[in-house]
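The structure under discussion appears below in the form of structure tokens.
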Amino acid sequence: MDASPPRHPKAPPIPPSPGLSVESDEVVQAGRFAMQRVRFRYTRFDGRQSGLLTWELWRRGNGVLVLPYDPVADRVALVEQFRLPAVAAGRAPIQTEAPAGLLEPDEDPAAAGARELLEEAGLEAKRMAPIGGFLLMPGGCDEVVHHFCAEVDLVARRAGTHGLAHEGEDTRVVVLDAEEAFGMVAKNRVQGAPTALALLWLQCHRARLREEWTRA
């Protein structure tokens, strides 16, 4: 009898967790990412065990997002790119986002962020301020996106296109005054939650970063 095929590298078995009882755990689709079907029970807040639940879990792993900010010019750089899921959701196909991507196995998030910043926006990070790691969609996906704010030079920067051809990337850089970018979030013109979160973080920490990053 042939041995069972190896599990998708992004879909390891669900790890043990207090109150969780996994009855079955199978990979039902394996492509670039994996879809896992898990049947389980968990301990409710009242101490009773839940009924048997069946959830599909999209396994994407870890990602990184970097918001480029120039404290001297008080500008941010975002990228515009085509997003098929946005079309499926009835939204505009061209979304305005911060540079982002997936981490390679065991890759340092800050190093990955610097790489994505260069690939998607043609910008080099002078330094990186950590924002935090956030679950992208905790109701159905395991992806944790590590957010950073990067100090960059945007004084003379203009729009341009970037991206890796072999990955089908086509990103267009847009340089905005910080206040204009914050206004886009307020008007729901930034529709991706990770980018909106990063801009709201910058709105809260902008004065501190300008003082620290421009100090002689």
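Naming works like this for the structure tokens: A, B, ... for the chains as they're shown, residue 1 at the start of each chain, ligands 1 onward in shown order.
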Exercise. If you run DSSP over the backbone, which residues in stretch 31-174 of chain A end up strand (DSSP E)? Put them as an NGL selection string.
Key: :A and (34-42 or 53-59 or 62-70 or 75-82 or 94-97 or 100-102 or 127-135 or 144-151 or 161-162 or 171-174)
Restrict the calculation to only C-alpha atoms, then for each residue of stretch 30-122 of chain A with any atom at most 10 Å from an atom of stretch 169-187 of chain A give the closest atom pair and their distance in Å to one decimal, rows by chain and rising residue number, as JSON lines.
```
{"residue": "A:Pro68", "atom": "CA", "partner": "A:Val175", "partner_atom": "CA", "distance": 9.6}
{"residue": "A:Tyr69", "atom": "CA", "partner": "A:Ala178", "partner_atom": "CA", "distance": 8.2}
{"residue": "A:Asp70", "atom": "CA", "partner": "A:Ala178", "partner_atom": "CA", "distance": 9.1}
{"residue": "A:Pro71", "atom": "CA", "partner": "A:Ala178", "partner_atom": "CA", "distance": 9.5}
{"residue": "A:Ala73", "atom": "CA", "partner": "A:Asp177", "partner_atom": "CA", "distance": 8.0}
{"residue": "A:Asp74", "atom": "CA", "partner": "A:Ala178", "partner_atom": "CA", "distance": 5.8}
{"residue": "A:Arg75", "atom": "CA", "partner": "A:Asp177", "partner_atom": "CA", "distance": 4.3}
{"residue": "A:Val76", "atom": "CA", "partner": "A:Leu176", "partner_atom": "CA", "distance": 5.4}
{"residue": "A:Ala77", "atom": "CA", "partner": "A:Val175", "partner_atom": "CA", "distance": 4.4}
{"residue": "A:Leu78", "atom": "CA", "partner": "A:Val174", "partner_atom": "CA", "distance": 5.2}
{"residue": "A:Val79", "atom": "CA", "partner": "A:Val173", "partner_atom": "CA", "distance": 4.5}
{"residue": "A:Glu80", "atom": "CA", "partner": "A:Arg172", "partner_atom": "CA", "distance": 5.1}
{"residue": "A:Gln81", "atom": "CA", "partner": "A:Thr171", "partner_atom": "CA", "distance": 5.1}
{"residue": "A:Phe82", "atom": "CA", "partner": "A:Asp170", "partner_atom": "CA", "distance": 7.8}
{"residue": "A:Ile94", "atom": "CA", "partner": "A:Thr171", "partner_atom": "CA", "distance": 9.9}
{"residue": "A:Thr96", "atom": "CA", "partner": "A:Val174", "partner_atom": "CA", "distance": 8.6}
{"residue": "A:Glu97", "atom": "CA", "partner": "A:Val173", "partner_atom": "CA", "distance": 9.7}
{"residue": "A:Ala98", "atom": "CA", "partner": "A:Val173", "partner_atom": "CA", "distance": 9.6}
{"residue": "A:Pro99", "atom": "CA", "partner": "A:Thr171", "partner_atom": "CA", "distance": 9.0}
{"residue": "A:Glu119", "atom": "CA", "partner": "A:Thr171", "partner_atom": "CA", "distance": 9.2}
{"residue": "A:Glu120", "atom": "CA", "partner": "A:Thr171", "partner_atom": "CA", "distance": 6.0}
{"residue": "A:Ala121", "atom": "CA", "partner": "A:Val173", "partner_atom": "CA", "distance": 5.9}
{"residue": "A:Gly122", "atom": "CA", "partner": "A:Val173", "partner_atom": "CA", "distance": 8.7}
```
Quiz item: Using only C-alpha atoms, which residues sit within 9 Å of A:Trp201 once same-chain residues fewer than 5 positions away are excluded, as number ranges by chain?
Solution: A: 131, 196, 206
Quiz item: Near A:Gly133, within 8 Å and counting only C-alpha atoms, which residues show up once chain neighbours fewer than 4 positions away are dropped, as a PyMOL selection string?
Solution: chain A and resi 144-147
Quiz prompt | Spatial neighbours of stretch 30-44 of chain A, max dist 9 Å, only C-alpha atoms, sep filter under 2 positions, as a PyMOL selection string | solution = chain A and resi 7-11+14+18-28+46-61
Exercise. Excluding A:Gly101 and residues on its chain fewer than 2 positions from it, collect all residues at most 8 Å away from it, counting only C-alpha atoms, and give them as a PyMOL selection string.
Key: chain A and resi 63-65+99+103+112-113+116
Quiz item: If you run DSSP on this backbone, which residues of stretch 12-215 of chain A come out as helix (DSSP H, G or I), and could you give them as a VMD selection string?
Solution: chain A and resid 84 to 88 109 to 121 165 to 167 178 to 186 193 to 213
